[in-house]
$ cat upload21.csv   # CSV, C-alpha atoms and all ligand atoms
chain,number,residue,atom,x,y,z
W,1,MET,CA,-2.9,-155.8,157.1
W,2,THR,CA,-4.1,-156.5,160.6
W,3,LEU,CA,-1.4,-157.5,163.0
W,4,ALA,CA,-3.3,-159.3,165.6
W,5,ARG,CA,-1.2,-161.3,168.1
W,6,ALA,CA,-3.1,-164.5,167.3
W,7,ASP,CA,-2.2,-164.3,163.6
W,8,VAL,CA,1.5,-163.9,163.9
W,9,PRO,CA,4.4,-166.2,165.0
W,10,THR,CA,5.1,-166.4,168.7
W,11,THR,CA,7.3,-168.6,170.8
W,12,ARG,CA,5.7,-172.0,171.2
W,13,PRO,CA,4.5,-172.8,174.8
W,14,GLU,CA,6.4,-176.1,174.7
W,15,PRO,CA,9.5,-175.6,172.6
W,16,PRO,CA,11.3,-178.5,170.9
W,17,GLY,CA,14.3,-180.1,172.8
W,18,ASP,CA,17.8,-178.8,172.4
W,19,ARG,CA,19.1,-181.5,170.2
W,20,ARG,CA,16.3,-181.3,167.6
W,21,THR,CA,16.6,-177.5,167.7
W,22,SER,CA,20.4,-177.6,167.1
W,23,THR,CA,20.1,-180.2,164.3
W,24,ALA,CA,17.5,-178.1,162.5
W,25,SER,CA,19.7,-175.0,163.0
W,26,VAL,CA,22.8,-176.8,161.5
W,27,VAL,CA,20.7,-178.0,158.4
W,28,LEU,CA,19.2,-174.5,157.9
W,29,ARG,CA,22.5,-172.7,158.2
W,30,ALA,CA,24.2,-175.2,155.7
W,31,VAL,CA,21.5,-174.4,153.2
W,32,LEU,CA,21.8,-170.6,153.9
W,33,ASP,CA,25.6,-170.8,153.3
W,34,HIS,CA,25.7,-173.2,150.3
W,35,GLY,CA,22.2,-173.7,149.0
W,36,PRO,CA,20.5,-174.8,146.9
W,37,LEU,CA,21.8,-178.2,148.0
W,38,PRO,CA,20.8,-181.8,147.5
W,39,ARG,CA,20.1,-183.6,150.8
W,40,SER,CA,23.1,-185.9,150.3
W,41,THR,CA,25.4,-182.8,150.2
W,42,ILE,CA,23.8,-181.4,153.4
W,43,ALA,CA,24.5,-184.7,155.1
W,44,ARG,CA,28.1,-184.6,154.0
W,45,LEU,CA,28.6,-181.0,155.1
W,46,THR,CA,26.9,-181.4,158.4
W,47,GLY,CA,28.0,-184.9,159.3
W,48,LEU,CA,24.4,-185.9,159.9
W,49,SER,CA,22.8,-189.1,158.6
W,50,GLY,CA,20.8,-189.0,155.4
W,51,ALA,CA,17.7,-189.9,157.4
W,52,ALA,CA,18.2,-187.1,159.9
W,53,VAL,CA,18.7,-184.6,157.1
W,54,SER,CA,15.5,-185.7,155.3
W,55,ARG,CA,13.5,-185.5,158.5
W,56,GLN,CA,14.8,-182.0,159.3
W,57,CYS,CA,14.2,-180.8,155.7
W,58,ALA,CA,10.6,-182.1,155.9
W,59,GLU,CA,10.0,-180.3,159.2
W,60,LEU,CA,11.7,-177.0,158.0
W,61,SER,CA,9.7,-177.2,154.8
W,62,GLU,CA,6.5,-177.5,156.8
W,63,LEU,CA,7.4,-174.4,158.7
W,64,GLY,CA,8.0,-172.5,155.4
W,65,LEU,CA,11.8,-172.1,156.0
W,66,LEU,CA,13.0,-174.5,153.3
W,67,ARG,CA,11.7,-175.5,149.9
W,68,GLU,CA,12.6,-177.9,147.1
W,69,ARG,CA,14.1,-176.3,144.0
W,70,PRO,CA,13.8,-178.8,141.2
W,71,VAL,CA,16.4,-178.3,138.5
W,72,ARG,CA,16.2,-179.7,135.0
W,73,PRO,CA,18.9,-182.4,134.7
W,74,ALA,CA,21.5,-181.8,131.9
W,75,ARG,CA,20.9,-185.5,130.8
W,76,ALA,CA,18.5,-188.2,131.6
W,77,VAL,CA,19.3,-189.7,135.0
W,78,VAL,CA,18.4,-193.2,136.3
W,79,GLY,CA,16.7,-193.5,139.7
W,80,ARG,CA,15.4,-190.8,142.0
W,81,PRO,CA,16.8,-187.3,141.0
W,82,HIS,CA,18.6,-185.3,143.7
W,83,VAL,CA,16.2,-182.4,144.2
W,84,PRO,CA,18.1,-179.5,145.8
W,85,VAL,CA,16.6,-177.7,148.8
W,86,ASP,CA,16.9,-174.0,149.3
W,87,VAL,CA,15.9,-171.3,151.9
W,88,ASP,CA,12.2,-170.5,151.2
W,89,VAL,CA,12.0,-166.8,150.7
W,90,ARG,CA,8.4,-166.8,149.7
W,91,ARG,CA,6.7,-167.3,153.0
W,92,HIS,CA,8.2,-165.1,155.6
W,93,VAL,CA,9.8,-161.6,156.0
W,94,VAL,CA,11.7,-159.9,158.8
W,95,VAL,CA,11.4,-156.3,159.8
W,96,GLY,CA,14.5,-154.3,160.8
W,97,VAL,CA,14.1,-150.9,162.6
W,98,HIS,CA,17.2,-148.8,163.1
W,99,ILE,CA,16.8,-145.8,165.4
W,100,ALA,CA,19.4,-143.1,164.7
W,101,LEU,CA,20.0,-139.7,166.2
W,102,LEU,CA,17.9,-137.8,163.6
W,103,HIS,CA,15.7,-140.5,161.9
W,104,TRP,CA,14.6,-144.1,162.1
W,105,THR,CA,14.8,-146.6,159.2
W,106,PHE,CA,12.3,-149.4,158.3
W,107,VAL,CA,13.9,-152.3,156.4
W,108,LEU,CA,12.1,-155.4,155.2
W,109,THR,CA,14.3,-158.4,154.3
W,110,ASP,CA,13.7,-161.9,153.2
W,111,LEU,CA,15.1,-164.9,155.0
W,112,ARG,CA,18.4,-164.5,153.2
W,113,GLY,CA,18.7,-161.0,154.6
W,114,ARG,CA,18.1,-159.4,151.2
W,115,VAL,CA,16.6,-156.0,151.4
W,116,LEU,CA,13.0,-155.9,149.9
W,117,ALA,CA,12.1,-152.3,151.0
W,118,GLU,CA,13.7,-149.5,153.0
W,119,ARG,CA,12.1,-146.3,154.2
W,120,ARG,CA,13.7,-143.5,156.3
W,121,THR,CA,11.6,-141.3,158.5
W,122,PRO,CA,13.0,-138.2,160.3
W,123,HIS,CA,12.2,-137.8,163.9
W,124,ARG,CA,9.7,-135.0,164.4
W,125,ASP,CA,10.3,-135.3,168.1
W,126,PRO,CA,13.2,-137.4,169.4
W,127,SER,CA,11.5,-138.3,172.7
W,128,PRO,CA,11.0,-142.1,173.2
W,129,LEU,CA,7.2,-141.7,173.3
W,130,ALA,CA,7.1,-139.9,170.0
W,131,VAL,CA,9.6,-142.1,168.2
W,132,LEU,CA,8.1,-145.4,169.3
W,133,ALA,CA,4.6,-144.1,168.5
W,134,ASP,CA,5.8,-143.3,165.0
W,135,ILE,CA,7.4,-146.7,164.5
W,136,GLY,CA,4.2,-148.3,165.9
W,137,SER,CA,1.9,-146.5,163.5
W,138,ARG,CA,4.0,-146.7,160.4
W,139,THR,CA,5.3,-150.3,160.5
W,140,PRO,CA,1.9,-152.0,159.8
W,141,THR,CA,1.4,-149.8,156.8
W,142,LEU,CA,4.9,-150.4,155.4
W,143,LEU,CA,4.4,-154.2,156.0
W,144,ASP,CA,1.1,-154.0,154.1
W,145,GLU,CA,2.7,-152.2,151.2
W,146,HIS,CA,5.8,-154.4,150.8
W,147,ALA,CA,5.3,-157.9,152.5
W,148,GLU,CA,3.2,-159.2,149.5
W,149,GLY,CA,1.4,-161.6,151.8
W,150,ARG,CA,4.5,-163.0,153.5
W,151,ALA,CA,4.2,-163.3,157.3
W,152,PRO,CA,6.5,-161.3,159.5
W,153,LEU,CA,8.7,-163.5,161.8
W,154,GLY,CA,9.6,-160.5,164.0
W,155,VAL,CA,10.9,-157.0,164.4
W,156,GLY,CA,14.6,-156.5,165.1
W,157,VAL,CA,15.4,-153.1,166.6
W,158,ALA,CA,19.0,-151.8,166.6
W,159,THR,CA,20.2,-148.5,168.1
W,160,GLY,CA,23.4,-147.0,169.5
W,161,GLY,CA,24.5,-146.7,173.1
W,162,TRP,CA,23.9,-149.2,175.9
W,163,VAL,CA,21.2,-151.7,175.0
W,164,ASP,CA,20.1,-154.7,177.1
W,165,PRO,CA,18.7,-157.3,174.7
W,166,GLU,CA,17.4,-159.6,177.6
W,167,SER,CA,14.9,-157.0,178.8
W,168,GLY,CA,14.5,-155.2,175.4
W,169,VAL,CA,15.5,-152.0,177.2
W,170,VAL,CA,17.7,-149.1,175.8
W,171,VAL,CA,19.5,-148.4,179.1
W,172,ARG,CA,21.2,-145.3,177.9
W,173,HIS,CA,21.5,-143.5,174.6
W,174,ALA,CA,23.2,-140.2,175.5
W,175,GLN,CA,22.8,-138.4,172.2
W,176,LEU,CA,19.1,-139.2,172.0
W,177,GLY,CA,18.7,-138.5,175.7
W,178,TRP,CA,17.0,-141.8,176.3
W,179,THR,CA,17.4,-143.6,179.6
W,180,ASP,CA,15.8,-147.0,180.5
W,181,VAL,CA,13.4,-147.0,177.6
W,182,GLU,CA,11.4,-150.3,177.3
W,183,VAL,CA,11.5,-150.4,173.5
W,184,GLY,CA,10.8,-154.1,173.2
W,185,ARG,CA,7.7,-154.2,175.4
W,186,VAL,CA,6.2,-151.0,174.0
W,187,LEU,CA,6.6,-152.0,170.3
W,188,GLU,CA,5.5,-155.6,171.0
W,189,ASP,CA,2.3,-154.3,172.7
W,190,THR,CA,1.6,-151.9,169.8
W,191,LEU,CA,2.5,-154.2,166.9
W,192,GLY,CA,1.6,-157.7,168.2
W,193,ILE,CA,4.8,-159.1,166.6
W,194,PRO,CA,7.8,-160.5,168.6
W,195,VAL,CA,10.3,-157.7,169.0
W,196,ARG,CA,14.0,-158.1,169.7
W,197,VAL,CA,16.2,-155.2,170.6
W,198,GLU,CA,20.0,-155.1,170.3
W,199,SER,CA,22.9,-152.6,170.2
W,200,HIS,CA,23.7,-151.7,166.6
W,201,SER,CA,27.3,-152.9,166.9
W,202,ARG,CA,26.3,-156.3,168.2
W,203,ALA,CA,23.6,-156.5,165.5
W,204,LEU,CA,26.2,-155.6,162.8
W,205,ALA,CA,28.5,-158.3,164.2
W,206,LYS,CA,25.6,-160.9,164.1
W,207,ALA,CA,24.8,-159.9,160.5
W,208,GLU,CA,28.5,-160.4,159.5
W,209,GLN,CA,28.5,-163.9,161.1
W,210,LEU,CA,25.2,-164.9,159.5
W,211,ILE,CA,25.3,-163.5,156.0
W,212,GLY,CA,28.4,-161.4,155.7
W,213,ASP,CA,31.1,-161.7,153.0
W,214,HIS,CA,33.7,-163.0,155.5
W,215,ARG,CA,31.2,-165.1,157.5
W,216,THR,CA,33.4,-168.1,158.1
W,217,ARG,CA,36.2,-166.0,159.7
W,218,ALA,CA,33.6,-163.8,161.5
W,219,ARG,CA,32.3,-166.9,163.2
W,220,SER,CA,35.7,-167.7,164.5
W,221,SER,CA,36.4,-164.4,166.2
W,222,GLN,CA,35.4,-160.9,165.3
W,223,VAL,CA,35.6,-157.3,166.6
W,224,HIS,CA,33.1,-155.0,164.9
W,225,LEU,CA,33.7,-151.3,165.2
W,226,PHE,CA,30.9,-148.9,164.4
W,227,VAL,CA,31.7,-145.2,163.7
W,228,GLY,CA,28.9,-142.8,163.2
W,229,ASN,CA,27.5,-140.3,165.7
W,230,VAL,CA,28.1,-143.1,168.2
W,231,VAL,CA,31.4,-145.0,168.3
W,232,ASP,CA,31.1,-148.5,169.8
W,233,ALA,CA,32.3,-152.0,169.3
W,234,ALA,CA,31.1,-155.6,169.5
W,235,ILE,CA,33.3,-158.6,170.4
W,236,ALA,CA,32.4,-162.1,169.2
W,237,THR,CA,34.1,-165.4,169.8
W,238,GLY,CA,32.7,-168.4,168.0
W,239,ASP,CA,29.0,-167.8,167.4
W,240,THR,CA,28.7,-165.8,170.6
W,241,VAL,CA,28.7,-162.0,170.8
W,242,LEU,CA,29.9,-160.8,174.2
W,243,HIS,CA,27.4,-158.9,176.3
W,244,GLY,CA,28.9,-158.9,179.8
W,245,PRO,CA,26.9,-157.9,182.9
W,246,ARG,CA,23.8,-155.8,181.9
W,247,SER,CA,25.1,-156.0,178.3
W,248,ALA,CA,27.5,-153.1,178.8
W,249,ALA,CA,30.3,-154.6,176.8
W,250,GLY,CA,31.7,-152.7,173.8
W,251,ASP,CA,31.8,-149.1,174.9
W,252,VAL,CA,35.0,-147.8,173.3
W,253,SER,CA,33.7,-144.2,173.1
W,254,HIS,CA,36.2,-142.8,175.5
W,255,LEU,CA,39.4,-144.4,174.1
W,256,HIS,CA,41.8,-141.5,173.4
W,257,THR,CA,42.7,-140.6,169.8
W,258,GLY,CA,43.6,-137.0,170.2
W,259,ALA,CA,43.5,-134.6,167.2
W,260,GLY,CA,43.9,-135.4,163.5
W,261,THR,CA,45.5,-133.0,161.0
W,262,ILE,CA,42.0,-131.6,160.2
W,263,LEU,CA,39.7,-132.6,163.1
W,264,PRO,CA,40.6,-131.0,166.5
W,265,ALA,CA,40.5,-133.0,169.7
W,266,ALA,CA,36.9,-132.3,170.9
W,267,SER,CA,36.0,-132.0,174.5
W,268,CYS,CA,34.0,-135.0,175.7
W,269,PRO,CA,31.1,-135.0,178.3
W,270,CYS,CA,33.4,-137.2,180.4
W,271,GLY,CA,35.5,-134.1,181.1
W,272,ARG,CA,38.5,-135.0,179.0
W,273,SER,CA,39.3,-134.0,175.4
W,274,GLY,CA,40.2,-136.2,172.4
W,275,CYS,CA,38.0,-139.2,173.2
W,276,VAL,CA,37.2,-141.0,169.9
W,277,GLN,CA,33.5,-140.6,169.9
W,278,ALA,CA,33.6,-136.9,170.8
W,279,THR,CA,36.3,-136.2,168.1
W,280,VAL,CA,35.3,-138.3,165.1
W,281,ALA,CA,31.5,-138.4,165.3
W,282,ASP,CA,29.5,-137.5,162.2
W,283,ARG,CA,28.3,-134.3,163.8
W,284,GLN,CA,32.0,-133.2,164.2
W,285,LEU,CA,32.6,-133.6,160.5
W,286,THR,CA,29.4,-131.5,159.8
W,287,ALA,CA,30.5,-128.9,162.3
W,288,HIS,CA,34.0,-128.6,160.7
W,289,VAL,CA,32.4,-128.1,157.2
W,290,ARG,CA,30.1,-125.4,158.6
W,291,ARG,CA,32.9,-123.7,160.5
W,292,ARG,CA,35.1,-123.5,157.4
W,293,ASN,CA,32.1,-122.5,155.3
W,294,LEU,CA,32.8,-125.4,152.9
W,295,LEU,CA,29.1,-126.0,152.5
W,296,PRO,CA,26.7,-123.5,154.0
W,297,ASP,CA,24.2,-125.1,156.4
W,298,ALA,CA,25.5,-128.5,155.6
W,299,THR,CA,24.0,-131.7,157.0
W,300,PHE,CA,26.0,-134.9,157.3
W,301,ALA,CA,24.1,-136.2,154.2
W,302,ASP,CA,25.4,-133.2,152.3
W,303,VAL,CA,29.0,-134.0,153.4
W,304,LEU,CA,28.5,-137.6,152.2
W,305,THR,CA,27.2,-136.3,148.8
W,306,SER,CA,30.4,-134.2,148.5
W,307,LEU,CA,32.5,-137.3,149.3
W,308,GLU,CA,30.6,-139.3,146.6
W,309,ALA,CA,31.3,-136.4,144.2
W,310,ASN,CA,35.0,-136.7,145.0
W,311,GLU,CA,35.3,-133.1,146.4
W,312,PRO,CA,39.0,-132.9,147.5
W,313,TRP,CA,38.1,-131.3,150.9
W,314,ALA,CA,35.6,-134.1,151.6
W,315,VAL,CA,38.0,-136.8,150.7
W,316,ASP,CA,40.7,-135.2,153.0
W,317,LEU,CA,38.2,-134.9,155.8
W,318,PHE,CA,37.2,-138.6,155.7
W,319,ARG,CA,40.9,-139.6,155.3
W,320,ASP,CA,41.6,-137.7,158.5
W,321,ARG,CA,38.7,-139.4,160.3
W,322,ILE,CA,39.8,-142.9,159.2
W,323,GLY,CA,43.3,-142.1,160.3
W,324,LEU,CA,42.0,-141.4,163.8
W,325,VAL,CA,39.7,-144.5,163.7
W,326,ALA,CA,42.9,-146.5,162.9
W,327,ARG,CA,44.3,-145.6,166.3
W,328,VAL,CA,41.3,-147.4,167.9
W,329,VAL,CA,41.5,-150.3,165.4
W,330,ALA,CA,45.2,-150.9,166.1
W,331,LEU,CA,44.5,-150.9,169.9
W,332,LEU,CA,41.6,-153.4,169.6
W,333,ILE,CA,43.6,-155.6,167.2
W,334,ASP,CA,46.5,-155.7,169.7
W,335,VAL,CA,44.3,-156.3,172.8
W,336,ILE,CA,41.8,-158.8,171.3
W,337,ASN,CA,43.7,-160.3,168.3
W,338,PRO,CA,40.5,-161.3,166.4
W,339,GLU,CA,40.4,-163.3,163.3
W,340,ILE,CA,38.8,-160.4,161.6
W,341,LEU,CA,38.0,-156.7,162.5
W,342,VAL,CA,35.1,-155.2,160.6
W,343,VAL,CA,34.7,-151.4,160.4
W,344,SER,CA,31.3,-149.8,159.7
W,345,GLU,CA,31.9,-146.2,158.7
W,346,ALA,CA,30.1,-144.0,156.2
W,347,GLY,CA,33.3,-143.0,154.3
W,348,LEU,CA,34.5,-146.6,153.9
W,349,ALA,CA,31.0,-147.6,152.6
W,350,ARG,CA,31.3,-145.1,149.8
W,351,ARG,CA,35.0,-144.9,149.0
W,352,PRO,CA,36.7,-148.3,149.1
W,353,GLU,CA,40.1,-146.7,148.7
W,354,LEU,CA,39.8,-145.3,152.2
W,355,LEU,CA,40.4,-148.9,153.3
W,356,ASP,CA,44.0,-148.5,152.1
W,357,VAL,CA,44.5,-145.5,154.3
W,358,LEU,CA,43.1,-147.5,157.3
W,359,HIS,CA,45.4,-150.5,156.5
W,360,ALA,CA,48.5,-148.3,156.2
W,361,GLU,CA,47.8,-146.5,159.5
W,362,VAL,CA,46.8,-149.7,161.4
W,363,GLY,CA,50.0,-151.4,160.0
W,364,ARG,CA,52.1,-148.5,161.4
W,365,LEU,CA,50.5,-148.6,164.9
W,366,SER,CA,49.7,-152.3,165.5
W,367,HIS,CA,52.2,-154.5,167.2
W,368,ALA,CA,50.3,-157.7,166.6
W,369,ARG,CA,49.3,-157.1,162.9
W,370,PRO,CA,51.9,-155.0,161.1
W,371,ASP,CA,50.3,-156.2,157.8
W,372,PRO,CA,46.6,-155.9,158.6
W,373,ALA,CA,45.1,-156.0,155.1
W,374,ASP,CA,43.7,-159.5,155.6
W,375,ALA,CA,42.4,-158.8,159.1
W,376,VAL,CA,40.8,-155.4,158.8
W,377,VAL,CA,37.8,-155.2,156.4
W,378,ALA,CA,34.9,-152.9,155.7
W,379,SER,CA,31.3,-153.9,156.5
W,380,SER,CA,29.7,-156.3,154.0
W,381,PHE,CA,26.5,-154.3,153.7
W,382,GLY,CA,27.5,-150.9,152.4
W,383,PRO,CA,25.5,-147.7,153.3
W,384,GLY,CA,22.4,-149.8,154.2
W,385,ALA,CA,24.3,-151.8,156.8
W,386,LEU,CA,22.3,-150.7,159.9
W,387,GLY,CA,18.9,-151.7,158.5
W,388,VAL,CA,20.2,-155.2,157.5
W,389,ALA,CA,21.8,-155.5,161.0
W,390,ALA,CA,18.5,-154.7,162.7
W,391,SER,CA,16.8,-157.4,160.7
W,392,ALA,CA,19.7,-159.8,161.4
W,393,VAL,CA,18.8,-159.7,165.1
W,394,VAL,CA,15.6,-161.7,164.3
W,395,LEU,CA,17.3,-163.7,161.4
W,396,ASP,CA,20.0,-164.8,163.9
W,397,GLU,CA,17.3,-166.1,166.2
W,398,THR,CA,15.4,-167.8,163.4
W,399,TYR,CA,18.5,-169.6,162.2
W,400,SER,CA,19.5,-170.5,165.7
W,401,ARG,CA,16.1,-171.8,166.8
W,402,PRO,CA,14.2,-172.5,163.6
W,403,LEU,CA,11.7,-174.9,165.2
W,404,TRP,CA,10.6,-172.2,167.7
W,405,ILE,CA,8.8,-170.2,165.1
W,406,GLN,CA,5.0,-170.8,164.9
W,407,PRO,CA,3.8,-172.1,161.5
W,408,VAL,CA,1.6,-169.4,160.0
W,409,SER,CA,-1.0,-169.6,157.3
W,410,VAL,CA,0.0,-167.4,154.3
W,411,PRO,CA,-2.8,-166.2,152.1
W,412,ARG,CA,-0.8,-166.8,148.9
W,413,PRO,CA,2.9,-167.4,148.1
W,414,ALA,CA,4.6,-164.2,146.9
W,415,ARG,CA,6.2,-164.3,143.4
W,416,THR,CA,9.9,-165.0,143.5
W,501,ZN,ZN,35.3,-139.1,177.0
$ encode --input "upload21.csv" --output "structure tokens"
Amino acid sequence: MTLARADVPTTRPEPPGDRRTSTASVVLRAVLDHGPLPRSTIARLTGLSGAAVSRQCAELSELGLLRERPVRPARAVVGRPHVPVDVDVRRHVVVGVHIALLHWTFVLTDLRGRVLAERRTPHRDPSPLAVLADIGSRTPTLLDEHAEGRAPLGVGVATGGWVDPESGVVVRHAQLGWTDVEVGRVLEDTLGIPVRVESHSRALAKAEQLIGDHRTRARSSQVHLFVGNVVDAAIATGDTVLHGPRSAAGDVSHLHTGAGTILPAASCPCGRSGCVQATVADRQLTAHVRRRNLLPDATFADVLTSLEANEPWAVDLFRDRIGLVARVVALLIDVINPEILVVSEAGLARRPELLDVLHAEVGRLSHARPDPADAVVASSFGPGALGVAASAVVLDETYSRPLWIQPVSVPRPART
């Protein structure tokens, strides 16, 4: 597949007006949430007139974002049948790229955010130049293998640390040792596809709002806490995820948790000890396992395999971590009082019963929510959450401004 800039969607030079854009967005989101839907139901759900809905459906169909889904009526009907419309997943795809400490992950999703392909590539060299060159050279091949003729709408890149989505710059990723890396510009120049860059926490928050299990509540107000090698948060009210000046919002890495019963309070680069990121990071769990010789030469993937196999020491270790995470969750719940607080953490994604441990500990510590079972939930997307989140950066833009995509000619519709 050749990815020439002229062949792929770009922002229109003269974008449609705000009102048309927002009407199209409302219609497309209603179909995403409830589709397939007859136009009359879309009108009822959105409060738009039947004529406005028909006009928008026609325009969105022309762009390859909606399609009619005829259904065989149960009995003969008189008059024009109500042909439902649905999101058209045959024409476009979205690429998600998640850059982690030790590897990067390519994810291809359809317009409903469903994963079509996922590939993980270890970093041979974690320098920005090497990682971006690898992404730039592998992505066209992976698209060619998996897109089945569907046109890419864009590449969403998510990573930890401080990310400025306006400029597409990773301002600081301490563990990777990246400072002021122009990820968006470099990848856009290489790939010829629009590239959007976002912090992984804010990307996860957007994914929850757009396609998550608790999307209605997540669109009201949400805190998203990510726990991995990086620990950071995203705060959203309404449909807006808070960025703050230079997009520095959400750094909770130095909140103090102290030691657990297994994990010691680790010294932090800030000079103190017991900061949450330093203490509960994935690499601390791996270090503990190696120190105790529970698994010789263990990697974090090995530790997760032991958790999946229900090894008692692994279950205890993740219970200890989630107990420490609960201290941060309780604080965030009390300070922000969100409708919902979502936790993305590798243990929770594999052992749902760890959520009970989290609820019990948050209930003990929180003043605002002594019964947090309803408010504190695990990520909707399981172990593959970060790839989906990266793709959601572009999906979110597509659903917010659907008329801004450029219609593309597709060689042949893919099979559904
Ligand atoms: Zn610190």
$ closest_residue --input "upload21.csv" --among "W:Trp404, W:Trp162, W:Trp104, W:Trp313" --to "W:Arg119" --atoms "only C-alpha atoms"
W:Trp104
$ closest_atom_pairs --input "upload21.csv" --of "stretch 38-130 of chain W" --to "stretch 224-231 of chain W" --cutoff "12 Å" --atoms "all atoms listed in the file" --output "JSON lines"
{"residue": "W:Ile99", "atom": "CA", "partner": "W:Val230", "partner_atom": "CA", "distance": 12.0}
{"residue": "W:Ala100", "atom": "CA", "partner": "W:Asn229", "partner_atom": "CA", "distance": 8.6}
{"residue": "W:Leu101", "atom": "CA", "partner": "W:Asn229", "partner_atom": "CA", "distance": 7.5}
{"residue": "W:Leu102", "atom": "CA", "partner": "W:Asn229", "partner_atom": "CA", "distance": 10.1}
$ closest_residue --input "upload21.csv" --among "W:Leu142, W:Leu255, W:Leu354, W:Leu63" --to "ligand ZN 501 (chain W)" --atoms "all atoms listed in the file"
W:Leu255
$ residues_near_ligand --input "upload21.csv" --ligand "ligand ZN 501 (chain W)" --cutoff "10 Å" --atoms "all atoms listed in the file" --output "MDAnalysis selection string"
chainID W and resid 252:256 266:279
$ atom_distance --input "upload21.csv" --atom1 "atom CA of W:Phe300" --atom2 "atom CA of W:Gly160"
17.4 Å
$ closest_residue --input "upload21.csv" --among "W:Leu304, W:Val186, W:Ala314, W:Leu403" --to "W:Pro383" --atoms "only C-alpha atoms"
W:Leu304
$ residues_around --input "upload21.csv" --residues "stretch 81-95 of chain W" --least-positions-apart "3" --cutoff "7 Å" --atoms "all atoms listed in the file" --output "number ranges by chain"
W: 31-32, 35-39, 64-70, 77, 107-111, 147, 150-156, 391, 394, 410, 413-414, 416
$ write_last_selection --input "upload21.csv" --atoms "C-alpha atoms" --output "PDB file, in the coordinates of the input"
ATOM      1  CA  VAL W  31      21.500-174.400 153.200  1.00  0.00           C
ATOM      2  CA  LEU W  32      21.800-170.600 153.900  1.00  0.00           C
ATOM      3  CA  GLY W  35      22.200-173.700 149.000  1.00  0.00           C
ATOM      4  CA  PRO W  36      20.500-174.800 146.900  1.00  0.00           C
ATOM      5  CA  LEU W  37      21.800-178.200 148.000  1.00  0.00           C
ATOM      6  CA  PRO W  38      20.800-181.800 147.500  1.00  0.00           C
ATOM      7  CA  ARG W  39      20.100-183.600 150.800  1.00  0.00           C
ATOM      8  CA  GLY W  64       8.000-172.500 155.400  1.00  0.00           C
ATOM      9  CA  LEU W  65      11.800-172.100 156.000  1.00  0.00           C
ATOM     10  CA  LEU W  66      13.000-174.500 153.300  1.00  0.00           C
ATOM     11  CA  ARG W  67      11.700-175.500 149.900  1.00  0.00           C
ATOM     12  CA  GLU W  68      12.600-177.900 147.100  1.00  0.00           C
ATOM     13  CA  ARG W  69      14.100-176.300 144.000  1.00  0.00           C
ATOM     14  CA  PRO W  70      13.800-178.800 141.200  1.00  0.00           C
ATOM     15  CA  VAL W  77      19.300-189.700 135.000  1.00  0.00           C
ATOM     16  CA  VAL W 107      13.900-152.300 156.400  1.00  0.00           C
ATOM     17  CA  LEU W 108      12.100-155.400 155.200  1.00  0.00           C
ATOM     18  CA  THR W 109      14.300-158.400 154.300  1.00  0.00           C
ATOM     19  CA  ASP W 110      13.700-161.900 153.200  1.00  0.00           C
ATOM     20  CA  LEU W 111      15.100-164.900 155.000  1.00  0.00           C
ATOM     21  CA  ALA W 147       5.300-157.900 152.500  1.00  0.00           C
ATOM     22  CA  ARG W 150       4.500-163.000 153.500  1.00  0.00           C
ATOM     23  CA  ALA W 151       4.200-163.300 157.300  1.00  0.00           C
ATOM     24  CA  PRO W 152       6.500-161.300 159.500  1.00  0.00           C
ATOM     25  CA  LEU W 153       8.700-163.500 161.800  1.00  0.00           C
ATOM     26  CA  GLY W 154       9.600-160.500 164.000  1.00  0.00           C
ATOM     27  CA  VAL W 155      10.900-157.000 164.400  1.00  0.00           C
ATOM     28  CA  GLY W 156      14.600-156.500 165.100  1.00  0.00           C
ATOM     29  CA  SER W 391      16.800-157.400 160.700  1.00  0.00           C
ATOM     30  CA  VAL W 394      15.600-161.700 164.300  1.00  0.00           C
ATOM     31  CA  VAL W 410       0.000-167.400 154.300  1.00  0.00           C
ATOM     32  CA  PRO W 413       2.900-167.400 148.100  1.00  0.00           C
ATOM     33  CA  ALA W 414       4.600-164.200 146.900  1.00  0.00           C
ATOM     34  CA  THR W 416       9.900-165.000 143.500  1.00  0.00           C
TER      35      THR W 416
END
$ closest_residue --input "upload21.csv" --among "W:Pro122, W:Pro194, W:Asp164, W:Leu28" --to "W:Glu182" --atoms "only C-alpha atoms"
W:Asp164
$ closest_residue --input "upload21.csv" --among "W:Leu143, W:Leu358, W:Ala375, W:Val97" --to "W:Thr159" --atoms "all atoms listed in the file"
W:Val97
$ residues_around --input "upload21.csv" --residues "W:Ser247" --least-positions-apart "6" --cutoff "10 Å" --atoms "only C-alpha atoms" --output "PyMOL selection string"
chain W and resi 162-166+171+198-199
